[in-house]
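Shown next: work_10.csv, containing CSV, C-alpha atoms (C1' of nucleotides).
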```csv
chain,number,residue,atom,x,y,z
A,30,MET,CA,0.4,-16.4,11.4
A,31,GLY,CA,3.6,-16.6,9.3
A,32,ASP,CA,5.8,-19.6,8.5
A,33,GLU,CA,8.3,-20.1,11.3
A,34,ASN,CA,11.5,-18.8,9.9
A,35,CYS,CA,10.6,-17.5,6.4
A,36,VAL,CA,11.2,-13.8,7.1
A,37,ARG,CA,12.5,-12.2,3.9
A,38,LEU,CA,13.3,-8.8,2.5
A,39,ALA,CA,10.4,-6.9,0.8
A,40,TYR,CA,10.4,-3.5,-0.8
A,41,LYS,CA,8.6,-1.3,-3.3
A,42,ILE,CA,10.5,1.3,-5.3
A,43,TRP,CA,8.9,3.9,-7.5
A,44,LEU,CA,9.2,7.4,-8.8
A,45,ASP,CA,6.8,9.8,-7.1
A,46,ASN,CA,5.3,13.2,-7.7
A,47,ASN,CA,2.2,13.7,-5.5
A,48,GLY,CA,1.4,10.1,-6.2
A,49,LYS,CA,3.0,7.2,-7.9
A,50,VAL,CA,4.6,8.1,-11.1
A,51,PHE,CA,6.4,5.0,-12.3
A,52,GLY,CA,7.1,1.5,-11.0
A,53,ASP,CA,7.3,-2.1,-12.0
A,54,GLY,CA,3.7,-2.3,-13.1
A,55,PRO,CA,3.7,0.6,-15.5
A,56,TYR,CA,7.1,-0.5,-16.8
A,57,ASP,CA,5.8,-4.0,-17.7
A,58,LEU,CA,2.6,-2.6,-19.3
A,59,LEU,CA,4.5,-0.1,-21.5
A,60,LEU,CA,6.9,-2.8,-22.5
A,61,ARG,CA,4.0,-4.8,-23.9
A,62,VAL,CA,2.4,-1.8,-25.6
A,63,GLU,CA,5.8,-1.3,-27.3
A,64,GLN,CA,5.7,-4.8,-28.7
A,65,ILE,CA,2.0,-5.1,-29.6
A,66,GLY,CA,1.1,-1.5,-30.5
A,67,SER,CA,-2.2,-1.7,-28.5
A,68,LEU,CA,-3.0,-0.7,-25.0
A,69,SER,CA,-6.1,-2.9,-24.7
A,70,LYS,CA,-4.2,-5.9,-26.0
A,71,ALA,CA,-1.3,-5.2,-23.7
A,72,ALA,CA,-3.7,-5.0,-20.7
A,73,ALA,CA,-5.4,-8.2,-21.7
A,74,GLU,CA,-2.1,-10.0,-21.8
A,75,ILE,CA,-1.5,-9.4,-18.1
A,76,GLY,CA,-5.2,-9.9,-17.1
A,77,MET,CA,-5.8,-6.2,-16.6
A,78,SER,CA,-8.9,-4.5,-17.8
A,79,TYR,CA,-8.5,-1.9,-20.5
A,80,ASN,CA,-10.2,0.6,-18.2
A,81,LYS,CA,-7.6,0.1,-15.4
A,82,ALA,CA,-4.7,0.3,-17.8
A,83,TRP,CA,-6.0,3.5,-19.3
A,84,ARG,CA,-6.5,5.1,-15.9
A,85,LEU,CA,-3.0,4.0,-14.9
A,86,ILE,CA,-1.4,5.5,-17.9
A,87,ARG,CA,-3.4,8.7,-17.7
A,88,ALA,CA,-2.6,9.2,-14.0
A,89,ILE,CA,1.1,8.8,-14.7
A,90,GLU,CA,1.1,11.2,-17.6
A,91,ASP,CA,-0.6,13.8,-15.4
A,92,ARG,CA,2.0,13.5,-12.7
A,93,LEU,CA,4.9,13.2,-15.1
A,94,GLY,CA,4.0,16.1,-17.3
A,95,PHE,CA,4.6,14.4,-20.6
A,96,PRO,CA,2.8,11.7,-22.7
A,97,LEU,CA,3.7,8.1,-22.5
A,98,LEU,CA,1.6,7.0,-25.4
A,99,LYS,CA,0.8,8.4,-28.8
A,100,CYS,CA,-2.7,7.0,-29.5
A,101,LYS,CA,-4.7,6.6,-32.7
A,102,VAL,CA,-8.5,6.1,-32.7
A,103,GLY,CA,-10.4,4.4,-35.5
A,104,GLY,CA,-9.2,3.0,-38.8
A,105,ALA,CA,-8.8,-0.5,-40.2
A,106,SER,CA,-7.3,-1.9,-37.0
A,107,GLY,CA,-9.5,0.1,-34.7
A,108,GLY,CA,-6.6,2.2,-33.6
A,109,GLY,CA,-3.5,1.6,-31.5
A,110,SER,CA,-1.0,3.1,-29.2
A,111,GLU,CA,2.7,3.6,-29.5
A,112,VAL,CA,5.2,4.4,-26.7
A,113,THR,CA,6.7,7.9,-27.0
A,114,SER,CA,10.4,8.4,-27.1
A,115,GLN,CA,10.3,10.2,-23.8
A,116,ALA,CA,8.6,7.2,-22.3
A,117,ARG,CA,11.2,4.8,-23.8
A,118,ARG,CA,14.0,6.9,-22.2
A,119,LEU,CA,12.3,6.7,-18.9
A,120,MET,CA,11.8,3.0,-19.2
A,121,GLN,CA,15.5,2.5,-19.9
A,122,GLN,CA,16.6,4.6,-17.0
A,123,TYR,CA,14.1,2.9,-14.7
A,124,ARG,CA,15.1,-0.6,-15.7
A,125,ALA,CA,18.8,0.0,-15.1
A,126,PHE,CA,18.2,1.7,-11.8
A,127,ARG,CA,15.8,-1.0,-10.7
A,128,GLU,CA,18.2,-3.8,-11.5
A,129,GLU,CA,21.1,-2.2,-9.6
A,130,ALA,CA,18.8,-1.3,-6.7
A,131,GLU,CA,17.6,-4.9,-6.4
A,132,ASN,CA,21.2,-6.2,-6.3
A,133,ALA,CA,22.2,-3.6,-3.7
A,134,LEU,CA,19.3,-4.3,-1.4
A,135,GLU,CA,19.7,-8.1,-1.6
A,136,LEU,CA,23.4,-7.8,-0.8
A,137,LEU,CA,22.8,-5.5,2.2
A,138,TYR,CA,20.0,-7.8,3.4
A,139,ALA,CA,22.3,-10.8,3.3
A,140,LYS,CA,25.0,-8.8,5.1
A,141,HIS,CA,22.8,-7.8,8.0
A,142,PHE,CA,20.4,-10.7,8.4
A,143,ASN,CA,21.6,-13.9,6.8
A,144,GLU,CA,25.2,-14.0,8.0
A,145,LYS,CA,24.0,-13.6,11.5
A,146,GLU,CA,20.9,-15.5,12.3
A,147,ILE,CA,17.7,-13.5,12.7
A,148,LYS,CA,16.3,-15.4,15.6
A,149,GLY,CA,18.1,-14.4,18.8
B,4,MET,CA,-1.6,16.8,-11.5
B,5,GLY,CA,2.0,16.7,-10.1
B,6,ASP,CA,4.4,19.6,-10.0
B,7,GLU,CA,6.3,19.9,-13.3
B,8,ASN,CA,9.7,18.5,-12.6
B,9,CYS,CA,9.6,17.4,-9.0
B,10,VAL,CA,9.8,13.6,-9.7
B,11,ARG,CA,11.7,11.9,-6.9
B,12,LEU,CA,12.6,8.5,-5.6
B,13,ALA,CA,10.2,6.8,-3.2
B,14,TYR,CA,10.4,3.4,-1.6
B,15,LYS,CA,9.2,1.2,1.2
B,16,ILE,CA,11.4,-1.4,2.7
B,17,TRP,CA,10.3,-4.0,5.2
B,18,LEU,CA,10.7,-7.6,6.5
B,19,ASP,CA,7.9,-9.8,5.4
B,20,ASN,CA,6.4,-13.2,6.2
B,21,ASN,CA,2.9,-13.5,4.8
B,22,GLY,CA,2.4,-9.8,5.8
B,23,LYS,CA,4.6,-7.0,7.0
B,24,VAL,CA,6.9,-8.1,9.8
B,25,PHE,CA,9.0,-5.1,10.5
B,26,GLY,CA,9.6,-1.6,9.2
B,27,ASP,CA,10.2,2.0,10.2
B,28,GLY,CA,6.9,2.3,12.1
B,29,PRO,CA,7.3,-0.7,14.4
B,30,TYR,CA,11.0,0.2,14.9
B,31,ASP,CA,10.1,3.7,16.1
B,32,LEU,CA,7.4,2.4,18.3
B,33,LEU,CA,9.6,-0.2,20.0
B,34,LEU,CA,12.3,2.4,20.5
B,35,ARG,CA,9.9,4.4,22.6
B,36,VAL,CA,8.6,1.4,24.5
B,37,GLU,CA,12.2,0.7,25.4
B,38,GLN,CA,12.6,4.2,26.8
B,39,ILE,CA,9.3,4.6,28.6
B,40,GLY,CA,8.4,1.0,29.6
B,41,SER,CA,4.8,1.3,28.4
B,42,LEU,CA,3.1,0.5,25.1
B,43,SER,CA,0.2,2.8,25.7
B,44,LYS,CA,2.4,5.8,26.5
B,45,ALA,CA,4.7,5.1,23.6
B,46,ALA,CA,1.7,5.0,21.3
B,47,ALA,CA,0.3,8.2,22.7
B,48,GLU,CA,3.7,9.9,22.1
B,49,ILE,CA,3.4,9.4,18.4
B,50,GLY,CA,-0.4,10.1,18.2
B,51,MET,CA,-1.3,6.4,17.8
B,52,SER,CA,-4.1,4.8,19.6
B,53,TYR,CA,-3.2,2.1,22.1
B,54,ASN,CA,-5.5,-0.2,20.2
B,55,LYS,CA,-3.7,0.3,16.9
B,56,ALA,CA,-0.3,-0.1,18.6
B,57,TRP,CA,-1.3,-3.3,20.2
B,58,ARG,CA,-2.7,-4.8,17.0
B,59,LEU,CA,0.5,-3.8,15.2
B,60,ILE,CA,2.8,-5.5,17.8
B,61,ARG,CA,0.6,-8.6,17.9
B,62,ALA,CA,0.5,-9.0,14.1
B,63,ILE,CA,4.3,-8.7,14.0
B,64,GLU,CA,4.8,-11.2,16.8
B,65,ASP,CA,2.5,-13.7,15.0
B,66,ARG,CA,4.4,-13.5,11.8
B,67,LEU,CA,7.8,-13.3,13.4
B,68,GLY,CA,7.3,-16.3,15.7
B,69,PHE,CA,8.8,-14.7,18.8
B,70,PRO,CA,7.6,-12.0,21.3
B,71,LEU,CA,8.7,-8.4,20.9
B,72,LEU,CA,7.3,-7.3,24.3
B,73,LYS,CA,7.2,-8.8,27.8
B,74,CYS,CA,4.1,-7.3,29.4
B,75,LYS,CA,2.9,-6.9,32.9
B,76,VAL,CA,-0.7,-6.3,33.8
B,77,GLY,CA,-1.9,-4.6,37.0
B,78,GLY,CA,0.1,-3.4,39.9
B,79,ALA,CA,0.9,0.0,41.3
B,80,SER,CA,1.8,1.5,37.9
B,81,GLY,CA,-1.0,-0.3,36.2
B,82,GLY,CA,1.5,-2.5,34.3
B,83,GLY,CA,4.0,-2.0,31.6
B,84,SER,CA,5.9,-3.5,28.7
B,85,GLU,CA,9.6,-4.1,28.1
B,86,VAL,CA,11.3,-5.0,24.8
B,87,THR,CA,12.6,-8.5,24.6
B,88,SER,CA,16.3,-9.2,23.9
B,89,GLN,CA,15.3,-10.8,20.6
B,90,ALA,CA,13.4,-7.7,19.6
B,91,ARG,CA,16.4,-5.5,20.6
B,92,ARG,CA,18.6,-7.6,18.3
B,93,LEU,CA,16.2,-7.3,15.5
B,94,MET,CA,16.0,-3.5,16.0
B,95,GLN,CA,19.7,-3.2,15.8
B,96,GLN,CA,20.0,-5.3,12.6
B,97,TYR,CA,17.1,-3.4,11.0
B,98,ARG,CA,18.5,0.0,11.8
B,99,ALA,CA,21.9,-0.8,10.4
B,100,PHE,CA,20.4,-2.4,7.2
B,101,ARG,CA,17.9,0.4,6.8
B,102,GLU,CA,20.6,3.2,6.9
B,103,GLU,CA,22.8,1.5,4.4
B,104,ALA,CA,19.9,0.7,2.1
B,105,GLU,CA,18.8,4.3,2.1
B,106,ASN,CA,22.3,5.5,1.2
B,107,ALA,CA,22.6,2.9,-1.6
B,108,LEU,CA,19.3,3.7,-3.1
B,109,GLU,CA,19.8,7.5,-3.1
B,110,LEU,CA,23.2,7.0,-4.7
B,111,LEU,CA,21.8,4.8,-7.5
B,112,TYR,CA,18.9,7.2,-8.1
B,113,ALA,CA,21.3,10.1,-8.5
B,114,LYS,CA,23.4,8.0,-10.9
B,115,HIS,CA,20.6,7.0,-13.1
B,116,PHE,CA,18.2,10.0,-13.0
B,117,ASN,CA,19.9,13.2,-11.9
B,118,GLU,CA,23.1,13.1,-13.9
B,119,LYS,CA,21.1,12.6,-17.0
B,120,GLU,CA,17.9,14.7,-17.1
B,121,ILE,CA,14.6,12.8,-16.6
B,122,LYS,CA,12.7,14.8,-19.2
B,123,GLY,CA,13.6,13.7,-22.7
C,3,DT,C1',-13.6,-2.5,48.3
C,4,DT,C1',-12.9,1.1,45.3
C,5,DG,C1',-10.0,3.4,42.1
C,6,DC,C1',-6.4,3.7,38.7
C,7,DG,C1',-3.5,2.8,34.8
C,8,DT,C1',-2.2,-0.7,32.1
C,9,DT,C1',-2.7,-4.7,29.0
C,10,DA,C1',-5.9,-7.6,26.1
C,11,DT,C1',-9.5,-8.3,22.6
C,12,DA,C1',-13.9,-8.2,20.1
C,13,DC,C1',-16.8,-5.6,17.4
C,14,DT,C1',-18.3,-1.9,14.4
C,15,DA,C1',-18.1,1.8,11.2
C,16,DG,C1',-16.4,4.5,7.9
C,17,DC,C1',-13.6,5.7,4.1
C,18,DA,C1',-10.6,5.7,0.4
C,19,DA,C1',-8.8,3.1,-3.2
C,20,DA,C1',-9.6,-0.3,-6.7
C,21,DA,C1',-12.1,-2.2,-10.1
C,22,DG,C1',-16.1,-3.2,-13.0
C,23,DT,C1',-20.0,-1.4,-16.1
C,24,DA,C1',-21.7,1.3,-19.5
C,25,DT,C1',-21.3,4.3,-23.3
C,26,DA,C1',-19.5,7.3,-26.7
C,27,DA,C1',-16.4,8.6,-30.5
C,28,DC,C1',-13.5,7.5,-34.2
C,29,DG,C1',-11.9,6.0,-38.8
C,30,DT,C1',-11.2,2.3,-42.1
C,31,DA,C1',-13.0,-1.5,-44.8
C,32,DT,C1',-16.7,-4.0,-46.7
D,24,DA,C1',-24.6,2.4,-44.3
D,25,DT,C1',-22.8,-1.1,-41.2
D,26,DA,C1',-19.5,-3.4,-38.6
D,27,DC,C1',-15.4,-3.7,-36.0
D,28,DG,C1',-11.7,-2.9,-32.7
D,29,DT,C1',-9.7,0.6,-30.6
D,30,DT,C1',-9.3,4.8,-27.5
D,31,DA,C1',-11.8,7.9,-24.1
D,32,DT,C1',-14.4,8.8,-20.0
D,33,DA,C1',-18.2,9.0,-16.5
D,34,DC,C1',-20.5,6.5,-13.1
D,35,DT,C1',-21.3,2.8,-9.9
D,36,DT,C1',-20.1,-0.8,-6.9
D,37,DT,C1',-17.3,-3.3,-4.1
D,38,DT,C1',-13.8,-4.4,-1.2
D,39,DG,C1',-10.2,-4.1,1.8
D,40,DC,C1',-8.1,-1.6,5.1
D,41,DT,C1',-8.1,1.7,9.0
D,42,DA,C1',-9.4,3.1,13.0
D,43,DG,C1',-12.5,4.0,16.6
D,44,DT,C1',-15.5,2.2,20.6
D,45,DA,C1',-16.5,-0.7,24.1
D,46,DT,C1',-15.3,-3.8,27.6
D,47,DA,C1',-12.9,-7.0,30.4
D,48,DA,C1',-9.0,-8.5,33.3
D,49,DC,C1',-5.4,-7.6,36.3
D,50,DG,C1',-2.9,-6.2,40.5
D,51,DC,C1',-1.4,-2.8,43.7
D,52,DA,C1',-2.6,1.1,46.8
D,53,DA,C1',-5.3,3.9,49.7
```

Write-out of the structure in structure tokens:
Amino acid sequence: MGDENCVRLAYKIWLDNNGKVFGDGPYDLLLRVEQIGSLSKAAAEIGMSYNKAWRLIRAIEDRLGFPLLKCKVGGASGGGSEVTSQARRLMQQYRAFREEAENALELLYAKHFNEKEIKG
Amino acid sequence: MGDENCVRLAYKIWLDNNGKVFGDGPYDLLLRVEQIGSLSKAAAEIGMSYNKAWRLIRAIEDRLGFPLLKCKVGGASGGGSEVTSQARRLMQQYRAFREEAENALELLYAKHFNEKEIKG
DNA sequence: TTGCGTTATACTAGCAAAAGTATAACGTAT
DNA sequence: ATACGTTATACTTTTGCTAGTATAACGCAA
């Protein structure tokens, strides 16, 4: 049972191509990879297993058709991953779109539901 | 693997209160109940089992805090359901909001992704 | 009193998605 | 040669959701 009058707007927005291509989760993960230079560390930061993070990135790359990460295996540091320029471009576009979409939706929600009361 | 360059916008929008409260599915179902006067027939129309439809309505009513349907059991016709005035009000608000939201999102998507190419 | 169509609800089963476990490969430094 | 931290990937397990099945209650009509 829900709290009496706490109804609120909820939404999920993503890019899709026969499956989820890009959304808030991948955006956040890539942002961290960009800063740290390691997918496993980025995943650990947000409490995600490396395995899950890797599967996520791979699935997206398959659907997107271009690589998100340029990965190195072995070496002094063990290896690492850096975000490709294509991925950085996508991230920028997505962030801008996402922000404006959120603003627009909240505005419309207020217009239709808050100015008039939801309960009849 | 996804088709090369068929990436498109996808989204789900709903009202929420510790679980989904209202969205496109319930809206469509209630619309049919309004016309036919029977939940079981309305469900059958869209290939949904009565059981599923009933659970859907009940869950929403729990979270929403007011009844969507006024139901009669037994009688010559077996019974029937009619949509409450509160539910009708909600349906109207949701439909108007939903339409404007869709327009706004498509517009923003075009602005950020179609005018510039998605592939780097 | 039997039958019918509807609402009302519990219980069960199956299935798909999510996530964990295990393991290999790699390359530098010591 | 060994160790270490990372990427790479298969396999297994679990879990949460979905949906079907069954059954009862109800009230009118024949």

- Message: Residues of chain B were defined as contacting chain C if any atom lay at most 12 Å from it, counting all atoms listed in the file; please report them as a ChimeraX atom specification.
- Response: /B:40-44,53-58,61,72-84

- Message: One decimal, in Å: what's the spacing between atom CA of Thr87 of chain B and atom CA of Ile39 of chain B?
- Response: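 So the answer is 14.1 Å.
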
- Query: Of the candidates D:DA26, D:DA47, D:DA52, D:DA31, which shows the shortest atom-to-atom distance to chain B, using all atoms listed in the file?
  - Reply: D:DA52

- Considering only C-alpha atoms, state which residue in the set B:Glu64, B:Glu37, B:Glu103, B:Glu48 is at the smallest distance from Gly22 of chain B.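 Counting only C-alpha atoms, the residue closest to Gly22 of chain B is B:Glu64.
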
- Message: Could you tell me which residues of chain A sit within 7 Å of chain B when counting only C-alpha atoms, and give me the result as a count of residues only?
- Response: 36

- To one decimal place, how far is atom CA of Glu102 of chain B from atom CA of Met51 of chain B in Å?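 Between atom CA of Glu102 of chain B and atom CA of Met51 of chain B the gap is 24.7 Å.
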
Could you make a table, as a tab-separated table, of the residues of chain D that have an atom within 9 Å of an atom of chain B, each with its nearest atom pair and distance in Å to one decimal, counting all atoms listed in the file, in chain and number order?
```
residue	atom	partner	partner_atom	distance
D:DA42	C1'	B:Lys55	CA	7.5
D:DG43	C1'	B:Asn54	CA	8.9
D:DA48	C1'	B:Val76	CA	8.6
D:DC49	C1'	B:Gly77	CA	4.7
D:DG50	C1'	B:Gly77	CA	4.0
D:DC51	C1'	B:Gly78	CA	4.1
D:DA52	C1'	B:Ala79	CA	6.6
```

- One decimal, Å: what's the distance from atom CA of Met120 of chain A over to atom CA of Gly76 of chain A, could you say?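 So the answer is 21.4 Å.
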
As a compact mmCIF listing (two decimals), in the frame of the given file, the rebuilt segment 19-30 of chain B with all heavy atoms:
```txt
# COMPACT_ATOMS: atom_id res chain seq x y z
N ASP B 19 9.19 -9.26 5.67
CA ASP B 19 7.90 -9.80 5.40
C ASP B 19 7.84 -11.31 5.58
O ASP B 19 8.80 -12.03 5.35
CB ASP B 19 7.56 -9.49 3.88
CG ASP B 19 6.12 -9.80 3.54
OD1 ASP B 19 5.76 -10.99 3.49
OD2 ASP B 19 5.37 -8.84 3.33
N ASN B 20 6.71 -11.75 6.08
CA ASN B 20 6.40 -13.20 6.20
C ASN B 20 4.91 -13.35 6.16
O ASN B 20 4.28 -13.38 7.20
CB ASN B 20 7.02 -13.78 7.45
CG ASN B 20 6.77 -15.26 7.55
OD1 ASN B 20 6.39 -15.90 6.58
ND2 ASN B 20 6.94 -15.81 8.74
N ASN B 21 4.36 -13.47 4.98
CA ASN B 21 2.90 -13.50 4.80
C ASN B 21 2.30 -12.22 5.46
O ASN B 21 1.33 -12.29 6.20
CB ASN B 21 2.27 -14.71 5.44
CG ASN B 21 2.72 -15.97 4.75
OD1 ASN B 21 2.96 -15.97 3.55
ND2 ASN B 21 2.84 -17.04 5.50
N GLY B 22 2.84 -11.10 5.17
CA GLY B 22 2.40 -9.80 5.80
C GLY B 22 3.61 -9.11 6.34
O GLY B 22 4.66 -9.71 6.58
N LYS B 23 3.45 -7.84 6.54
CA LYS B 23 4.60 -7.00 7.00
C LYS B 23 5.03 -7.47 8.37
O LYS B 23 4.24 -7.71 9.28
CB LYS B 23 4.12 -5.55 7.03
CG LYS B 23 5.28 -4.58 7.06
CD LYS B 23 4.81 -3.16 6.79
CE LYS B 23 4.48 -2.92 5.33
NZ LYS B 23 4.17 -1.53 5.02
N VAL B 24 6.29 -7.63 8.53
CA VAL B 24 6.90 -8.10 9.80
C VAL B 24 7.56 -6.96 10.54
O VAL B 24 7.45 -6.86 11.75
CB VAL B 24 7.87 -9.24 9.53
CG1 VAL B 24 8.84 -9.36 10.67
CG2 VAL B 24 7.12 -10.54 9.37
N PHE B 25 8.26 -6.14 9.82
CA PHE B 25 9.00 -5.10 10.50
C PHE B 25 9.35 -4.01 9.54
O PHE B 25 9.67 -4.26 8.39
CB PHE B 25 10.30 -5.70 11.11
CG PHE B 25 10.78 -4.96 12.31
CD1 PHE B 25 10.14 -5.10 13.52
CD2 PHE B 25 11.85 -4.10 12.22
CE1 PHE B 25 10.59 -4.41 14.64
CE2 PHE B 25 12.30 -3.41 13.34
CZ PHE B 25 11.67 -3.56 14.54
N GLY B 26 9.25 -2.77 10.01
CA GLY B 26 9.60 -1.60 9.20
C GLY B 26 9.81 -0.41 10.04
O GLY B 26 9.94 -0.53 11.26
N ASP B 27 9.83 0.75 9.41
CA ASP B 27 10.20 2.00 10.20
C ASP B 27 9.19 2.24 11.29
O ASP B 27 9.60 2.65 12.38
CB ASP B 27 10.16 3.17 9.19
CG ASP B 27 11.34 3.10 8.23
OD1 ASP B 27 12.25 2.28 8.48
OD2 ASP B 27 11.36 3.86 7.26
N GLY B 28 7.88 2.04 11.05
CA GLY B 28 6.90 2.30 12.10
C GLY B 28 7.10 1.50 13.33
O GLY B 28 7.27 2.06 14.43
N PRO B 29 7.08 0.18 13.22
CA PRO B 29 7.30 -0.70 14.40
C PRO B 29 8.67 -0.35 15.06
O PRO B 29 8.75 -0.38 16.28
CB PRO B 29 7.33 -2.07 13.79
CG PRO B 29 6.44 -1.97 12.61
CD PRO B 29 6.67 -0.61 12.06
N TYR B 30 9.69 -0.07 14.27
CA TYR B 30 11.00 0.20 14.90
C TYR B 30 10.88 1.45 15.78
O TYR B 30 11.35 1.41 16.93
CB TYR B 30 12.01 0.53 13.75
CG TYR B 30 13.35 0.98 14.29
CD1 TYR B 30 14.27 0.06 14.77
CD2 TYR B 30 13.68 2.33 14.35
CE1 TYR B 30 15.49 0.47 15.29
CE2 TYR B 30 14.89 2.75 14.87
CZ TYR B 30 15.79 1.83 15.33
OH TYR B 30 16.99 2.24 15.86
```
